[in-house]
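Visitor: Coordinates in final20.cif, mmCIF, C-alpha atoms, are listed below.
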```cif
data_coords
#
loop_
_atom_site.label_atom_id
_atom_site.label_comp_id
_atom_site.auth_asym_id
_atom_site.auth_seq_id
_atom_site.Cartn_x
_atom_site.Cartn_y
_atom_site.Cartn_z
CA MET A 187 141.15 123.41 30.67
CA ALA A 188 142.81 120.02 31.09
CA LYS A 189 139.97 118.98 33.40
CA ALA A 190 137.41 120.28 30.87
CA VAL A 191 139.00 118.23 28.06
CA LYS A 192 139.07 115.13 30.26
CA GLU A 193 135.42 115.60 31.30
CA GLY A 194 134.40 116.18 27.67
CA ILE A 195 136.07 112.96 26.48
CA PHE A 196 134.50 111.05 29.39
CA ALA A 197 131.02 112.46 28.58
CA GLY A 198 131.46 111.52 24.91
CA ALA A 199 132.40 107.95 25.86
CA ILE A 200 129.34 107.64 28.13
CA ALA A 201 127.10 109.07 25.39
CA PHE A 202 128.51 106.57 22.90
CA GLY A 203 127.69 103.68 25.23
CA MET A 204 124.21 105.00 26.01
CA PHE A 205 123.12 105.84 22.45
CA LEU A 206 124.82 103.03 20.54
CA LEU A 207 121.81 100.71 20.61
CA TYR A 208 119.12 103.41 20.65
CA VAL A 209 120.46 105.82 18.03
CA GLY A 210 123.32 104.09 16.21
CA ILE A 211 121.26 100.99 15.32
CA GLU A 212 117.74 101.15 13.88
CA THR A 213 115.40 98.19 13.32
CA TYR A 214 112.64 98.18 10.70
CA GLN A 215 110.54 95.81 8.61
CA ASP A 216 111.53 95.26 5.00
CA ILE A 217 109.25 94.55 2.04
CA ASP A 218 109.11 90.86 2.99
CA ASN A 219 107.91 91.78 6.51
CA ARG A 220 111.22 90.69 8.03
CA LEU A 221 112.79 92.54 10.93
CA VAL A 222 116.18 93.87 9.79
CA TRP A 223 118.56 96.49 11.14
CA ARG A 224 120.81 99.22 9.82
CA THR A 225 123.38 101.56 11.34
CA ARG A 226 123.22 105.34 11.71
CA TRP A 227 126.81 106.23 12.56
CA GLY A 228 126.44 109.85 11.45
CA LEU A 229 123.50 110.50 13.80
CA LEU A 230 125.33 108.69 16.63
CA ALA A 231 128.42 110.85 16.03
CA ILE A 232 126.31 114.02 16.33
CA PHE A 233 124.86 112.88 19.68
CA VAL A 234 128.33 112.00 21.03
CA LEU A 235 129.77 115.29 19.79
CA VAL A 236 126.99 117.32 21.40
CA ALA A 237 127.55 115.54 24.74
CA ALA A 238 131.35 115.96 24.63
CA VAL A 239 131.32 119.62 23.55
CA GLY A 240 128.53 120.48 25.97
CA ARG A 241 130.42 118.98 28.92
CA PHE A 242 133.63 120.68 27.83
CA LEU A 243 131.96 124.11 27.66
CA THR A 244 130.18 123.55 30.98
CA VAL A 245 133.32 122.61 32.91
CA GLY A 246 135.70 124.96 31.12
CA PHE A 247 133.63 128.15 30.75
CA ILE A 248 130.06 128.13 32.08
CA LYS A 249 130.62 126.78 35.61
CA PRO A 250 133.67 129.00 36.34
CA HIS A 251 131.70 132.04 35.14
CA ILE A 252 128.78 131.21 37.44
CA ASP A 253 131.10 130.61 40.38
CA ARG A 254 132.79 133.98 39.79
CA ARG A 255 129.44 135.76 39.74
CA LYS A 256 128.35 134.07 42.98
CA LEU A 257 131.64 134.98 44.65
CA ALA A 258 131.38 138.61 43.50
CA LYS A 259 127.82 138.85 44.85
CA ALA A 260 128.85 137.32 48.16
CA LYS A 261 131.74 139.79 48.54
CA SER A 262 129.58 142.80 47.65
CA GLY A 263 126.75 141.69 49.97
CA VAL A 264 124.10 141.61 47.23
CA LEU A 265 120.96 139.79 48.38
CA GLU A 266 119.93 136.67 46.48
CA ILE A 267 116.43 138.11 46.18
CA SER A 268 116.29 141.77 45.26
CA GLU A 269 113.60 143.82 46.97
CA ASP A 270 113.51 146.27 44.04
CA LYS A 271 111.09 144.92 41.48
CA GLY A 272 110.71 146.26 37.95
CA PHE A 273 107.42 147.01 36.21
CA PHE A 274 107.28 143.62 34.47
CA HIS A 275 108.06 141.75 37.69
CA LYS A 276 105.40 143.65 39.65
CA HIS A 277 102.66 143.19 37.05
CA PHE A 278 103.71 139.83 35.61
CA LEU A 279 100.48 138.03 36.55
CA LYS A 280 98.27 140.78 35.11
CA ILE A 281 100.28 140.86 31.87
CA ALA A 282 100.12 137.06 31.59
CA LEU A 283 96.34 137.03 32.15
CA ILE A 284 95.74 139.72 29.53
CA ALA A 285 97.98 137.84 27.08
CA LEU A 286 96.02 134.62 27.67
CA LEU A 287 92.68 136.38 27.17
CA LEU A 288 93.87 137.85 23.86
CA TYR A 289 95.72 134.73 22.66
CA PRO A 290 92.80 133.04 20.78
CA ILE A 291 91.68 136.36 19.27
CA GLY A 292 95.23 137.07 18.06
CA SER A 293 95.52 133.55 16.62
CA VAL A 294 92.30 134.00 14.63
CA MET A 295 93.38 137.40 13.36
CA LEU A 296 96.80 136.11 12.24
CA PHE A 297 95.93 132.67 10.85
CA GLY A 298 92.16 132.71 10.35
CA PRO A 299 89.64 130.50 12.18
CA GLN A 300 90.81 127.21 10.70
CA GLY A 301 94.51 128.08 10.82
CA SER A 302 94.27 129.01 14.51
CA LEU A 303 93.13 125.50 15.49
CA LYS A 304 96.67 124.22 15.94
CA TYR A 305 97.75 127.11 18.14
CA VAL A 306 94.59 127.29 20.27
CA ASP A 307 94.19 123.53 20.75
CA ASN A 308 97.67 121.94 20.59
CA PHE A 309 99.42 124.74 22.46
CA GLY A 310 96.83 126.75 24.41
CA ILE A 311 94.39 124.09 25.66
CA GLN A 312 97.00 121.33 25.99
CA ILE A 313 99.28 123.49 28.14
CA LEU A 314 96.44 124.78 30.33
CA ILE A 315 95.25 121.22 31.04
CA TYR A 316 98.70 120.34 32.37
CA VAL A 317 98.83 123.60 34.32
CA MET A 318 95.59 122.70 36.07
CA LEU A 319 96.72 119.13 36.73
CA ALA A 320 100.06 120.33 38.10
CA TRP A 321 98.38 122.91 40.34
CA GLY A 322 96.08 120.18 41.68
CA LEU A 323 99.04 117.87 42.37
CA ASN A 324 100.88 120.81 43.93
CA ILE A 325 98.38 120.74 46.81
CA VAL A 326 99.32 117.13 47.59
CA VAL A 327 103.05 117.24 46.85
CA GLY A 328 104.07 120.90 47.12
CA LEU A 329 101.97 121.98 50.11
CA ALA A 330 101.28 118.79 52.08
CA GLY A 331 104.53 117.02 51.14
CA LEU A 332 102.82 113.73 50.20
CA LEU A 333 104.57 112.09 47.23
CA ASP A 334 101.77 110.94 44.90
CA LEU A 335 102.77 108.92 41.82
CA GLY A 336 99.21 107.88 40.96
CA TYR A 337 97.64 111.28 40.37
CA VAL A 338 96.61 110.28 36.85
CA ALA A 339 94.02 107.95 38.46
CA PHE A 340 91.91 110.95 39.54
CA TYR A 341 92.31 112.39 36.06
CA ALA A 342 90.93 109.10 34.69
CA VAL A 343 88.07 109.02 37.21
CA GLY A 344 86.97 112.50 36.13
CA ALA A 345 87.17 111.66 32.42
CA TYR A 346 85.30 108.35 32.66
CA SER A 347 82.71 109.78 35.06
CA TYR A 348 81.92 112.46 32.51
CA ALA A 349 81.88 110.01 29.58
CA LEU A 350 79.68 107.38 31.25
CA LEU A 351 77.17 109.77 32.83
CA SER A 352 76.91 111.79 29.63
CA ALA A 353 76.37 108.70 27.45
CA ASN A 354 73.93 106.89 29.78
CA PHE A 355 71.97 109.74 31.34
CA GLY A 356 72.41 112.59 28.84
CA LEU A 357 73.56 115.08 31.49
CA SER A 358 75.14 118.35 30.35
CA PHE A 359 78.74 119.46 30.75
CA TRP A 360 77.90 122.06 33.39
CA ILE A 361 76.26 119.44 35.61
CA LEU A 362 78.90 116.78 35.06
CA LEU A 363 81.87 119.10 35.61
CA PRO A 364 81.30 119.56 39.39
CA LEU A 365 79.97 116.00 39.68
CA ALA A 366 83.17 114.54 38.20
CA GLY A 367 85.22 116.63 40.63
CA ILE A 368 83.17 115.36 43.58
CA LEU A 369 83.55 111.72 42.49
CA ALA A 370 87.30 112.17 42.07
CA ALA A 371 87.49 113.76 45.54
CA MET A 372 85.72 110.72 46.98
CA TRP A 373 88.34 108.47 45.39
CA GLY A 374 91.00 110.75 46.85
CA ILE A 375 89.59 110.07 50.32
CA ILE A 376 89.45 106.34 49.56
CA LEU A 377 93.14 106.45 48.62
CA GLY A 378 93.95 108.61 51.65
CA PHE A 379 92.75 106.14 54.28
CA PRO A 380 95.20 103.26 53.48
CA VAL A 381 98.21 105.58 53.30
CA LEU A 382 97.69 107.53 56.53
CA ARG A 383 100.67 105.83 58.21
CA LEU A 384 102.93 105.86 55.16
CA ARG A 385 105.58 108.39 54.21
CA GLY A 386 108.26 108.87 51.59
CA ASP A 387 109.06 105.93 49.31
CA TYR A 388 106.33 103.71 50.78
CA LEU A 389 103.68 106.32 50.05
CA ALA A 390 104.99 106.69 46.49
CA ILE A 391 104.77 102.92 45.90
CA VAL A 392 101.18 102.67 47.17
CA THR A 393 99.96 105.65 45.13
CA LEU A 394 101.73 104.25 42.05
CA ALA A 395 99.90 100.95 42.59
CA PHE A 396 96.59 102.81 42.97
CA GLY A 397 97.08 104.52 39.61
CA GLU A 398 97.85 101.19 37.92
CA ILE A 399 94.83 99.52 39.58
CA ILE A 400 92.51 102.18 38.17
CA ARG A 401 94.03 101.78 34.68
CA LEU A 402 93.69 97.98 34.79
CA VAL A 403 90.08 98.27 35.94
CA LEU A 404 89.35 100.54 32.99
CA ILE A 405 90.90 97.98 30.64
CA ASN A 406 89.23 94.85 32.06
CA TRP A 407 85.77 96.09 33.09
CA THR A 408 84.60 95.92 29.49
CA ASP A 409 80.86 95.85 30.28
CA VAL A 410 81.08 99.41 31.60
CA THR A 411 84.22 101.05 30.19
CA GLN A 412 84.38 99.23 26.79
CA GLY A 413 87.95 98.21 27.68
CA THR A 414 90.69 99.18 25.26
CA PHE A 415 88.12 100.32 22.69
CA GLY A 416 87.29 103.29 24.90
CA ILE A 417 84.15 105.41 24.93
CA SER A 418 83.47 107.55 21.88
CA GLY A 419 80.77 109.98 20.81
CA ILE A 420 80.97 112.03 24.02
CA ALA A 421 78.66 115.03 23.85
CA LYS A 422 80.17 118.46 23.35
CA ALA A 423 79.92 121.23 25.91
CA SER A 424 77.36 123.98 25.31
CA VAL A 425 77.39 127.66 26.17
CA PHE A 426 75.43 127.30 29.45
CA GLY A 427 72.73 125.36 27.60
CA ILE A 428 71.81 128.40 25.47
CA TRP A 429 73.90 127.74 22.34
CA SER A 430 75.19 124.43 21.02
CA PHE A 431 78.21 123.52 18.93
CA ASP A 432 76.46 120.72 17.03
CA VAL A 433 76.13 121.78 13.39
CA GLY A 434 72.61 120.36 13.01
CA SER A 435 71.30 122.13 16.11
CA PRO A 436 68.90 125.08 15.60
CA ASN A 437 70.83 127.11 18.18
CA TYR A 438 74.24 126.44 16.58
CA PHE A 439 76.59 129.02 18.10
CA PRO A 440 78.47 130.27 14.97
CA ARG A 441 75.20 130.60 13.05
CA ALA A 442 73.56 132.51 15.90
CA MET A 443 76.54 134.87 16.08
CA GLY A 444 76.85 135.30 12.32
CA LEU A 445 80.25 133.57 12.15
CA ALA A 446 81.62 131.25 9.49
CA THR A 447 81.05 127.55 10.14
CA SER A 448 84.25 126.18 11.67
CA SER A 449 85.27 123.82 14.46
CA ALA A 450 87.73 126.49 15.63
CA TRP A 451 84.99 128.37 17.52
CA TYR A 452 84.38 125.33 19.74
CA LYS A 453 88.10 125.07 20.54
CA ILE A 454 88.23 128.79 21.37
CA PHE A 455 85.25 128.34 23.69
CA LEU A 456 87.02 125.39 25.37
CA PHE A 457 90.17 127.51 25.72
CA TYR A 458 88.30 130.08 27.81
CA VAL A 459 86.61 127.31 29.83
CA ILE A 460 89.93 125.68 30.81
CA LEU A 461 91.42 129.12 31.47
CA ALA A 462 88.55 129.84 33.87
CA LEU A 463 89.08 126.44 35.55
CA CYS A 464 92.79 127.22 35.97
CA LEU A 465 91.97 130.59 37.54
CA VAL A 466 89.54 128.91 39.95
CA THR A 467 92.22 126.35 40.85
CA ALA A 468 94.78 129.08 41.53
CA TYR A 469 92.32 131.19 43.56
CA VAL A 470 91.21 128.24 45.72
CA THR A 471 94.83 127.14 46.28
CA ILE A 472 95.91 130.64 47.36
CA ARG A 473 92.93 131.05 49.68
CA LEU A 474 93.36 127.59 51.24
CA ARG A 475 97.07 128.18 51.76
CA ARG A 476 96.33 131.26 53.86
CA MET A 477 93.71 129.42 55.94
CA PRO A 478 94.50 127.16 58.92
CA ILE A 479 94.19 124.04 56.76
CA GLY A 480 96.83 125.39 54.37
CA ARG A 481 99.22 126.11 57.21
CA ALA A 482 98.52 122.63 58.57
CA TRP A 483 99.51 121.19 55.15
CA GLU A 484 102.79 123.09 55.24
CA ALA A 485 103.46 122.01 58.82
CA LEU A 486 102.79 118.41 57.81
CA ARG A 487 105.22 118.77 54.92
CA GLU A 488 108.03 120.12 57.09
CA ASP A 489 107.77 117.66 60.01
CA GLU A 490 104.87 115.28 60.63
CA ILE A 491 105.94 114.45 64.20
CA ALA A 492 106.17 118.13 65.17
CA CYS A 493 102.86 118.71 63.40
CA ARG A 494 101.19 116.02 65.49
CA SER A 495 102.77 117.35 68.69
CA LEU A 496 101.15 120.74 68.04
CA GLY A 497 97.73 119.09 68.21
CA ILE A 498 97.04 119.14 64.46
CA ASN A 499 94.84 116.28 63.27
CA THR A 500 97.14 114.70 60.69
CA VAL A 501 94.43 112.28 59.52
CA ALA A 502 92.07 115.08 58.50
CA THR A 503 94.97 117.10 57.11
CA LYS A 504 96.13 114.30 54.80
CA LEU A 505 92.60 113.41 53.69
CA THR A 506 91.74 117.01 52.82
CA ALA A 507 94.96 117.32 50.80
CA PHE A 508 94.23 114.15 48.83
CA ALA A 509 90.57 115.07 48.33
CA THR A 510 91.25 118.66 47.22
CA GLY A 511 94.01 117.67 44.82
CA ALA A 512 91.91 114.82 43.42
CA MET A 513 88.95 117.15 42.91
CA PHE A 514 90.94 119.40 40.57
CA GLY A 515 92.23 116.31 38.78
CA GLY A 516 88.61 115.25 38.26
CA PHE A 517 87.73 118.69 36.86
CA ALA A 518 90.61 118.42 34.38
CA GLY A 519 89.57 114.87 33.45
CA SER A 520 85.98 115.87 32.67
CA PHE A 521 87.25 118.74 30.54
CA PHE A 522 89.63 116.36 28.74
CA ALA A 523 86.71 114.05 27.91
CA THR A 524 84.59 116.80 26.39
CA ARG A 525 87.56 118.21 24.50
CA GLN A 526 88.55 114.86 22.97
CA GLY A 527 85.09 113.39 22.52
CA PHE A 528 86.76 110.04 23.25
CA VAL A 529 88.47 108.46 26.27
CA SER A 530 90.49 105.25 26.56
CA PRO A 531 92.87 103.76 29.15
CA GLU A 532 95.88 104.63 26.95
CA SER A 533 95.45 108.28 27.93
CA PHE A 534 95.98 107.56 31.64
CA VAL A 535 99.26 105.67 31.90
CA PHE A 536 101.94 106.17 34.57
CA LEU A 537 103.95 108.41 32.24
CA GLU A 538 101.28 111.09 32.63
CA SER A 539 101.71 111.08 36.42
CA ALA A 540 105.49 111.29 35.99
CA VAL A 541 105.21 114.27 33.64
CA ILE A 542 102.83 116.13 35.96
CA LEU A 543 105.07 115.48 38.98
CA ALA A 544 108.12 116.61 36.99
CA ILE A 545 106.35 119.88 36.13
CA VAL A 546 105.62 120.49 39.84
CA VAL A 547 109.22 119.79 40.86
CA LEU A 548 110.79 121.78 38.04
CA GLY A 549 108.53 124.77 38.62
CA GLY A 550 109.25 124.86 42.34
CA MET A 551 107.03 123.02 44.80
CA GLY A 552 104.47 125.39 46.28
CA SER A 553 104.95 128.04 43.57
CA LEU A 554 101.96 128.47 41.23
CA THR A 555 103.84 130.83 38.91
CA GLY A 556 106.85 128.53 38.63
CA ILE A 557 104.67 125.50 37.91
CA ALA A 558 102.83 127.38 35.15
CA ILE A 559 106.17 128.40 33.58
CA ALA A 560 107.42 124.79 33.78
CA ALA A 561 104.24 123.54 32.07
CA VAL A 562 104.66 126.07 29.25
CA VAL A 563 108.31 125.14 28.76
CA MET A 564 107.89 121.36 28.98
CA VAL A 565 104.53 120.77 27.29
CA GLY A 566 104.89 123.63 24.81
CA GLY A 567 108.46 122.56 24.06
CA THR A 568 107.44 119.00 23.20
CA GLU A 569 104.68 120.33 20.94
CA LEU A 570 107.18 122.59 19.19
CA LEU A 571 109.22 119.54 18.23
CA ARG A 572 106.46 118.56 15.80
CA GLU A 573 107.06 121.83 13.95
CA MET A 574 110.84 121.48 13.68
CA GLU A 575 110.99 119.87 10.27
CA PHE A 576 114.20 121.77 9.51
CA LEU A 577 116.04 119.34 11.81
CA LYS A 578 115.75 116.75 9.04
CA LEU A 579 118.25 118.82 7.07
CA ILE A 580 120.79 118.27 9.86
CA PHE A 581 120.04 114.73 11.05
CA GLY A 582 118.75 113.23 7.79
CA PRO A 583 115.35 112.73 6.11
CA ASP A 584 114.43 109.81 8.39
CA PHE A 585 114.79 111.90 11.57
CA THR A 586 111.51 112.33 13.48
CA PRO A 587 111.89 115.09 16.11
CA GLU A 588 108.89 114.19 18.27
CA LEU A 589 110.28 110.69 18.93
CA TYR A 590 113.07 112.29 20.98
CA ARG A 591 110.78 114.40 23.16
CA MET A 592 111.28 112.25 26.27
CA LEU A 593 115.04 112.30 25.79
CA LEU A 594 115.02 116.10 25.62
CA PHE A 595 112.58 116.19 28.53
CA GLY A 596 115.01 114.18 30.66
CA LEU A 597 117.98 116.31 29.64
CA ALA A 598 116.03 119.48 30.49
CA MET A 599 115.22 118.06 33.94
CA ILE A 600 118.88 117.29 34.59
CA ILE A 601 120.00 120.75 33.49
CA VAL A 602 117.35 122.54 35.57
CA MET A 603 118.09 120.43 38.66
CA LEU A 604 121.81 121.19 38.32
CA PHE A 605 121.46 124.96 38.03
CA LYS A 606 118.07 125.54 39.76
CA PRO A 607 117.68 122.68 42.24
CA ARG A 608 114.63 124.28 43.85
CA GLY A 609 112.82 124.82 40.57
CA PHE A 610 112.30 127.77 38.25
CA VAL A 611 110.93 129.85 41.13
CA GLY A 612 113.03 129.08 44.19
CA SER A 613 111.41 131.70 46.43
CA ARG A 614 107.93 132.35 47.72
CA GLU A 615 106.07 134.57 50.15
CA PRO A 616 105.24 133.02 53.51
CA THR A 617 101.61 132.59 54.56
CA ALA A 618 102.30 133.96 58.05
CA PHE A 619 104.38 137.11 58.55
CA LEU A 620 104.92 139.94 61.05
CA ARG A 621 104.50 143.62 60.05
CA GLU A 622 106.02 143.22 56.58
CA ARG A 623 105.61 140.54 53.92
CA LYS A 624 108.97 139.44 52.44
CA ALA A 625 109.91 136.74 49.98
CA VAL A 626 111.87 133.80 51.38
CA SER A 627 114.84 132.49 49.43
CA GLY A 628 115.12 128.79 48.77
CA SER A 629 118.55 128.92 50.40
CA PHE A 630 116.96 129.37 53.82
CA THR A 631 114.52 126.47 53.58
CA LYS A 632 114.92 122.74 53.69
CA GLU A 633 116.44 121.27 50.50
CA GLY A 634 113.74 119.97 48.19
CA HIS A 635 110.89 121.94 49.72
CA GLY A 636 111.21 125.15 47.66
#
```
Let me see the structure of the file written as structure tokens.
Guide:
Amino acid sequence: MAKAVKEGIFAGAIAFGMFLLYVGIETYQDIDNRLVWRTRWGLLAIFVLVAAVGRFLTVGFIKPHIDRRKLAKAKSGVLEISEDKGFFHKHFLKIALIALLLYPIGSVMLFGPQGSLKYVDNFGIQILIYVMLAWGLNIVVGLAGLLDLGYVAFYAVGAYSYALLSANFGLSFWILLPLAGILAAMWGIILGFPVLRLRGDYLAIVTLAFGEIIRLVLINWTDVTQGTFGISGIAKASVFGIWSFDVGSPNYFPRAMGLATSSAWYKIFLFYVILALCLVTAYVTIRLRRMPIGRAWEALREDEIACRSLGINTVATKLTAFATGAMFGGFAGSFFATRQGFVSPESFVFLESAVILAIVVLGGMGSLTGIAIAAVVMVGGTELLREMEFLKLIFGPDFTPELYRMLLFGLAMIIVMLFKPRGFVGSREPTAFLRERKAVSGSFTKEGHG
């Protein structure tokens, strides 16, 4: 307990130093347009108290309890991964798929067409976009072991390819969707060639530079991309060219189906489109992982020198990983463009790449289920902050919860990495097995590789 008290006081002192300028002091413009500042000692005291009490409870109660449980399991010989699975564990994926299929219908039944917009768009579509992006990056980072910090560049290529080709040539969504993926895959190959000899930190730096180069090109090539003004008026997707979602169109979908005029029907349609794209991404990833190219990716991730000594063409292996991951990023980018109806360089900053990479790491590299759970927790959690108006009763009327989303995001990453260093799902089934397929615990694999 003495150690817990000492650690708690130390954590409170560090929190005071960290949050003094960011939380304790606030700058704003007064009525004369002058920049002035004021103090928020009460809010600062709450942050310091939370840090001190949290550290005290962790050291004094939570960590000893976890250590006792681990010791008891070790003495009793209980396996880290139980081979006896319950009904929910066995059928988790089927239950999740059924829940996703019924989610928009349930939202409409509970809140009406217009009331369901927030839940279908802000939560459903937004989360599924990040799931697809994270699954695409998982091919590069989780399977091939290539640290890519510029993945948002392929996202941008897909979005701008869709916007420019739609505006200049009038092509439909169903033609531009695969075309945007192909163009993004080509850029993935272009990125792959310069980084064939790079690994680790050097690879991360080059891919980060590539993402920034693409963003700066989008800003400065004003004749094509309209610069910071972005491209607006992007055409909406249609139901396979049969029905349209433009109100003035004679084949307007809600009118043809006898539904009330509402923009919610378009969002529900987009929800099922991105859900189908996510399912395609998961299916292709699973199939590729079981093929020779997938096993070559995993061999490259574990040890590139040993991979080369086995006669595996590491050049082709790296290029296929970059191209495949970039292709799914391009698909997500084209969907983002048709969902927003507007694209601009501000949507494709480095922070997006960092968030996507964090989702892959937190979920467990190589684990599709874990990555999906991480996307729901992280993206859905930040969206929930917008709904937490009751926090103003605790922290004051000037408190804006969504401004602290990155702070909470960072704290969540630290907590997860402390207690689940291999991600939410630290085990996975091997692609190659003899006689019987068994899950492999993260304890038996190289640290950091799931």
Visitor: To verify the selection step, state as a list in words which residues the PyMOL selection byres ((chain A and resi 405) around 12) yields on this input.
Guide: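 That expression, the PyMOL selection byres ((chain A and resi 405) around 12), corresponds here to Ala342, Tyr346, Glu398, Ile399, Ile400, Arg401, Leu402, Val403, Leu404, Asn406, Trp407, Thr408, Asp409, Val410, Thr411, Gln412, Gly413, Thr414, Phe415, Gly416, Ile417, Val529, Ser530, Pro531, Glu532, Ser533, Phe534 and Val535 of chain A.
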Visitor: Just need the box for range 258-261 of chain A, edges along x, y and z, holding every atom the file lists for it with 3 Å tacked onto each side, so centre and edge lengths in Å to one decimal, as lines of an AutoDock Vina configuration file.
Guide:
```
center_x = 129.8
center_y = 138.6
center_z = 46.0
size_x = 9.9
size_y = 8.5
size_z = 11.0
```
Visitor: What is the distance, in Å and to one decimal place, between CA of Leu597 in chain A and CA of Phe205 in chain A?
Guide: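 Spanning CA of Leu597 in chain A to CA of Phe205 in chain A is a straight-line distance of 13.7 Å.
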Visitor: Pick out the residues sitting within 8 Å of Trp373 in chain A, and hand them over as a PyMOL selection string; count only C-alpha atoms, and ignore anything fewer than 2 positions along from it in its own chain.
Guide: chain A and resi 340+369-371+375-377+509+512
Visitor: For range 452-537 of chain A against range 378-381 of chain A, with a cut-off of 10 Å and counting only C-alpha atoms, what is the closest atom pair and its distance in Å to one decimal for every residue that makes the cut, ordered by chain and number, as a tab-separated table?
Guide:
```
residue	atom	partner	partner_atom	distance
A:Val501	CA	A:Phe379	CA	8.2
A:Ala502	CA	A:Gly378	CA	9.6
A:Lys504	CA	A:Gly378	CA	6.9
A:Leu505	CA	A:Gly378	CA	5.4
A:Thr506	CA	A:Gly378	CA	8.8
A:Ala507	CA	A:Gly378	CA	8.8
A:Phe508	CA	A:Gly378	CA	6.2
A:Ala509	CA	A:Gly378	CA	8.0
```
Visitor: Name the residues in contact with range 244-259 of chain A at a cut-off of 12 Å, using all atoms listed in the file, excluding same-chain residues fewer than 6 positions from it; report them as an MDAnalysis selection string.
Guide: chainID A and resid 187:195 197 236:238 265:268 601 604:605
Visitor: Could you state the separation of CA of Ile559 in chain A and CA of Ser539 in chain A in Å, given to one decimal place?
Guide: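 CA of Ser539 in chain A lies 18.1 Å from CA of Ile559 in chain A.
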Visitor: Counting all atoms listed in the file, figure out which residue out of A:Gly328, A:Gly344, A:Gly527, A:Gly519 gets nearest to Gly419 in chain A.
Guide: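 Looking at the shortest contact to Gly419 in chain A, the residue is A:Gly527.
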Visitor: As a check of understanding, name the residues that the PyMOL selection byres ((chain A and resi 330-338) around 9) selects in the supplied structure, as an NGL selection string.
Guide: :A and (319 or 323-329 or 339-343 or 385-387 or 389-398 or 480 or 482-488 or 503-504 or 507-508 or 511-512 or 515 or 534-540 or 542-543 or 635)
Visitor: Need the shell around Arg572 in chain A: protein/DNA/RNA residues with any atom at most 12 Å away, counting only C-alpha atoms. Skip same-chain ones fewer than 6 positions apart. Format as a VMD selection string?
Guide: chain A and resid 304 308 to 309 565 to 566 578 585 to 591
Visitor: Please determine, counting only C-alpha atoms, which residue among A:Leu314, A:Met592, A:Leu577, A:Ala349 has the shortest atom-to-atom distance to Ala518 in chain A.
Guide: A:Leu314
Visitor: Excluding Phe514 in chain A and any residue of its chain fewer than 5 positions from it, enumerate the residues within 8 Å of it, using all atoms listed in the file, and give them as a tab-separated table (two decimals) with C-alpha atoms, in the coordinates of the input.
Guide:
```
chain	number	residue	atom	x	y	z
A	318	MET	CA	95.59	122.70	36.07
A	319	LEU	CA	96.72	119.13	36.73
A	322	GLY	CA	96.08	120.18	41.68
A	367	GLY	CA	85.22	116.63	40.63
A	467	THR	CA	92.22	126.35	40.85
```
Visitor: Just checking: using only C-alpha atoms, which residue out of A:Leu207, A:Asn499, A:Pro440, A:Gln215 ends up closest to Leu230 in chain A?
Guide: A:Leu207
